[in-house]
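A.B. asks: Have a look at this one.
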Amino acid sequence: MKRNLLVLGIALAVFLAVYYVKHAYRIFRWDDKQTYFNHLSDEPLGMCLFDSIASQTATHSYRYMDVPFERIEKMKQPLSLLIVTDYMTINDSLLAVQLFDFVKKGNQVMMVTENLRSWEYPLKKVLKAETVTEKDLIADSLKLAFKRGDTRLVSPVKDAPLPQSLSQYRVNPWLVNGFVQLYSHEWEQLLAAPFNLLEYTDDGTVEKTETNVVAAVRRMGKGQLCLVTTPYLFTNYAALHPQLCRYQHQLLSQLDDRPIVRLERLYLETDYSGEGLGESPLRYLLDNEPLRWALYTALATLLLFMVFTARRRQRVIPYKAPPANHNLEFVRFMGSIYCQQHDSNDLLRKKYTYFCEELRRCQLIDLSDRNRSDEVIALLARTADVPVDEVRRVLTRIWVYVDGDDSPDNKTLCGCIDDMNYLLTRCRQTGR
């Protein structure tokens with residue numbers, strides 16, 4: 001017996017251990033692109049934890065906003081703008097001009113993307129730099145690289161203006177897919193990493209390894225523009241990594257001297273048809289401070305006018321008496337009909353039926369079983385605190401008319417009804 005219990009205990013412990021191991025760890029999704037850089041996503045490549053940690057560790061302030069770029073421009077204080085996405089396209093020339101003017105006014109912008117493109121604006125000519133993507137992120141290849149332990153070494157460039165907390169970072173190669181091609185000495189290199197590139201020669205295609213820049217910074221007017229091509233290292237995964245979190249802190253130190261605002265995308269306040277939503281009359285009023293306060297004052301005046309006008313025009317509500325209760329008249333009418341028919345036996349049977357139902361419902365006394373009449377009479381006598389002989393006399397007189405065809409006279413009918421009412425009242429008074 002003890003041996004069986006021991007075997008059963010071991011089997012139960014093994015089952016609980018397997019169940020715990022299977023359900024204790026959450027299965028994260030690396031291939032769901034809708035969660036990439038999402039402010040609300042806690043998946044590895046989301047940014048929920050990144051934003052939370054940054055908001056608590058930033059020197060001034062850090063917040064995520066999903067607003068048009070015009071709203072950022074209208075903020076009065078100098079800002080540091082952080083834009084993190086894997087693919088950034090600035091198709092609107094007006095947006096590109098406003099972005100660079102925003103930097104020249106003394107603000108800081110860090111664009112973290114591995115693919116920066118513009119089909120209408122000469123972005124490469126103005127920036128004197130462009131991004132080059134080695135390969136697109138593939139979730140299965142990323143997981144395989146984790147299992148094999150493949151790494152790519154990301155190192156600070158010599159004399160880079162970065163806090164030297166770590167000299168090198170070993171990163172999954174699929175998380176560093178792009179680099180910056182610089183065409184001007186105005187850019188200051190920050191971080192670099194080796195990439196395997198294909199070179200086409202007369203003899204065929206040759207793969208060679210080159211060290212390329214993954215983070216660079218330059219001055220533009222009074223401000224500063226920083227271009228980083230490692231957006232996947234600004235995610236929840238890197239924020240919880242013991243080394244990559246320092247990588248984030250090193251780069252964010254470029255923006256830490258003023259409040260930081262993170263955007264997931266750059267866009268103007270226009271709809272897809274190209275019509276400016278910001279040109280609506282209400283938007284024009286709200287965007288100009290004097291007109292905005294004039295609108296608020298007009299609305300407050302209108303509200304006060306409505307309140308005082310409603311108070312002056314209110315009327316006294318006339319009193320209306322509640323409807324009369326005609327139940328008593330109805331009972332009298334029905335009683336007069338029974339009185340005109342003068343069917344005493346029918347009245348007594350109806351009263352007896354009500355009497356039996358009240359005893360059954362309230363006192364659990366069943367008078368329908370005549371074979372147990374003595375026991376029922378004794379129970380009713382105890383309940384009503386009335387002598388047994390008196391209860392037997394009352395019920396015997398009632399049963400004579402209820403079971404037979406004789407009709408009682410008025411005096412006998414009233415006496416039977418009074419007796420039943422008396423017994424019901426006594427039962428209620430005893431509280432049983």
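Each chain of the structure tokens is named A, B, ... in the order shown, its residues numbered from 1; ligands are numbered from 1 in display order.
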Report the closest atom pair, with its distance in Å rounded to one decimal, for each residue of region 84-179 of chain A that has an atom no farther than 12 Å from region 258-269 of chain A; count only C-alpha atoms, sort by chain and then rising residue number, and write it as a tab-separated table.

C.D. replies:
residue	atom	partner	partner_atom	distance
A:Val84	CA	A:Glu264	CA	5.6
A:Thr85	CA	A:Glu264	CA	6.2
A:Asp86	CA	A:Glu264	CA	9.8
A:Tyr87	CA	A:Arg265	CA	9.4
A:Met88	CA	A:Arg265	CA	7.4
A:Thr89	CA	A:Leu266	CA	8.5
A:Ile90	CA	A:Leu266	CA	7.6
A:Asn91	CA	A:Tyr267	CA	9.5
A:Asp92	CA	A:Tyr267	CA	8.5
A:Ser93	CA	A:Leu268	CA	10.8
A:Leu94	CA	A:Leu268	CA	8.7
A:Leu95	CA	A:Leu268	CA	6.7
A:Ala96	CA	A:Leu266	CA	9.6
A:Val97	CA	A:Leu268	CA	11.8
A:Gln98	CA	A:Leu268	CA	9.8
A:Leu99	CA	A:Leu266	CA	9.2
A:Gly106	CA	A:Arg258	CA	11.1
A:Asn107	CA	A:Arg258	CA	9.1
A:Gln108	CA	A:Arg258	CA	8.9
A:Val109	CA	A:Ile260	CA	9.5
A:Met110	CA	A:Arg262	CA	9.5
A:Met111	CA	A:Leu263	CA	9.7
A:Val112	CA	A:Glu264	CA	10.0
A:Thr113	CA	A:Glu264	CA	10.6
A:Leu116	CA	A:Leu266	CA	11.8

A.B. asks: Mind the document's chain letters and residue numbers, and return as number ranges by chain the residues of region 207-319 of chain A that DSSP labels strand (DSSP E or B).

C.D. replies: A: 207-220, 223-228, 260-263, 270, 276

A.B. asks: If we count only C-alpha atoms and set the cut-off at 7 Å, which residues sit around Leu191 (chain A), ignoring sequence neighbours fewer than 2 positions away in its own chain? Please answer as a VMD selection string.

C.D. replies: chain A and resid 154 to 157 189 213 to 215

A.B. asks: Mind dumping the selected residues with N, CA, C and O atoms as a PDB file, in the first residue's frame?

C.D. replies:
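The new file result15.pdb reads:
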ATOM      1  N   VAL A 154      28.864  44.848 -33.197  1.00  0.00           N
ATOM      2  CA  VAL A 154      28.631  46.280 -33.375  1.00  0.00           C
ATOM      3  C   VAL A 154      29.547  47.024 -32.406  1.00  0.00           C
ATOM      4  O   VAL A 154      29.478  46.809 -31.192  1.00  0.00           O
ATOM      5  N   SER A 155      30.397  47.893 -32.960  1.00  0.00           N
ATOM      6  CA  SER A 155      31.418  48.557 -32.133  1.00  0.00           C
ATOM      7  C   SER A 155      31.346  50.060 -32.320  1.00  0.00           C
ATOM      8  O   SER A 155      31.046  50.550 -33.427  1.00  0.00           O
ATOM      9  N   PRO A 156      31.601  50.829 -31.264  1.00  0.00           N
ATOM     10  CA  PRO A 156      31.700  52.283 -31.419  1.00  0.00           C
ATOM     11  C   PRO A 156      32.899  52.650 -32.290  1.00  0.00           C
ATOM     12  O   PRO A 156      33.968  52.029 -32.221  1.00  0.00           O
ATOM     13  N   VAL A 157      32.726  53.645 -33.145  1.00  0.00           N
ATOM     14  CA  VAL A 157      33.815  54.137 -33.978  1.00  0.00           C
ATOM     15  C   VAL A 157      34.791  54.916 -33.096  1.00  0.00           C
ATOM     16  O   VAL A 157      34.421  55.515 -32.085  1.00  0.00           O
ATOM     17  N   GLN A 189      30.641  59.673 -37.453  1.00  0.00           N
ATOM     18  CA  GLN A 189      30.319  58.259 -37.263  1.00  0.00           C
ATOM     19  C   GLN A 189      30.251  57.920 -35.773  1.00  0.00           C
ATOM     20  O   GLN A 189      31.101  58.358 -34.993  1.00  0.00           O
ATOM     21  N   VAL A 213      28.950  51.844 -41.352  1.00  0.00           N
ATOM     22  CA  VAL A 213      28.405  52.642 -40.252  1.00  0.00           C
ATOM     23  C   VAL A 213      26.921  52.298 -40.064  1.00  0.00           C
ATOM     24  O   VAL A 213      26.157  52.231 -41.033  1.00  0.00           O
ATOM     25  N   VAL A 214      26.513  52.078 -38.818  1.00  0.00           N
ATOM     26  CA  VAL A 214      25.102  51.830 -38.497  1.00  0.00           C
ATOM     27  C   VAL A 214      24.483  52.982 -37.712  1.00  0.00           C
ATOM     28  O   VAL A 214      23.272  52.994 -37.477  1.00  0.00           O
ATOM     29  N   ALA A 215      25.294  53.961 -37.298  1.00  0.00           N
ATOM     30  CA  ALA A 215      24.781  55.134 -36.594  1.00  0.00           C
ATOM     31  C   ALA A 215      25.725  56.301 -36.866  1.00  0.00           C
ATOM     32  O   ALA A 215      26.947  56.171 -36.730  1.00  0.00           O
TER      33      ALA A 215
END

A.B. asks: Record the distance separating CA of Glu114 (chain A) and CA of Gly178 (chain A), expressed in Å with one decimal.

C.D. replies: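 Between these atoms lies a distance of 5.0 Å.
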
A.B. asks: Compile the contact shell of region 238-253 of chain A as an NGL selection string: residues with an atom at most 9 Å away, counting only C-alpha atoms, same-chain residues fewer than 3 positions apart removed.

C.D. replies: :A and (44-45 or 47 or 49-50 or 53 or 58 or 82 or 110 or 162-166 or 169-171 or 190 or 215 or 228 or 232-235 or 256-257)

A.B. asks: Rounded to one decimal in Å, what is the spacing between CA of Thr151 (chain A) and CA of Pro173 (chain A)?

C.D. replies: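 Separation of CA of Thr151 (chain A) and CA of Pro173 (chain A): 5.5 Å.
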
A.B. asks: Ranking A:Trp174, A:Tyr338, A:Tyr319, A:Trp119 by minimum distance to Glu134 (chain A) and counting only C-alpha atoms, which one comes first?

C.D. replies: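 The answer is A:Trp174, which sits nearest to Glu134 (chain A).
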
A.B. asks: To test your reading of the structure, identify every residue in region 351-386 of chain A that backbone DSSP assigns to helix (DSSP H, G or I), and report it as a VMD selection string.

C.D. replies: chain A and resid 351 to 363 370 to 384
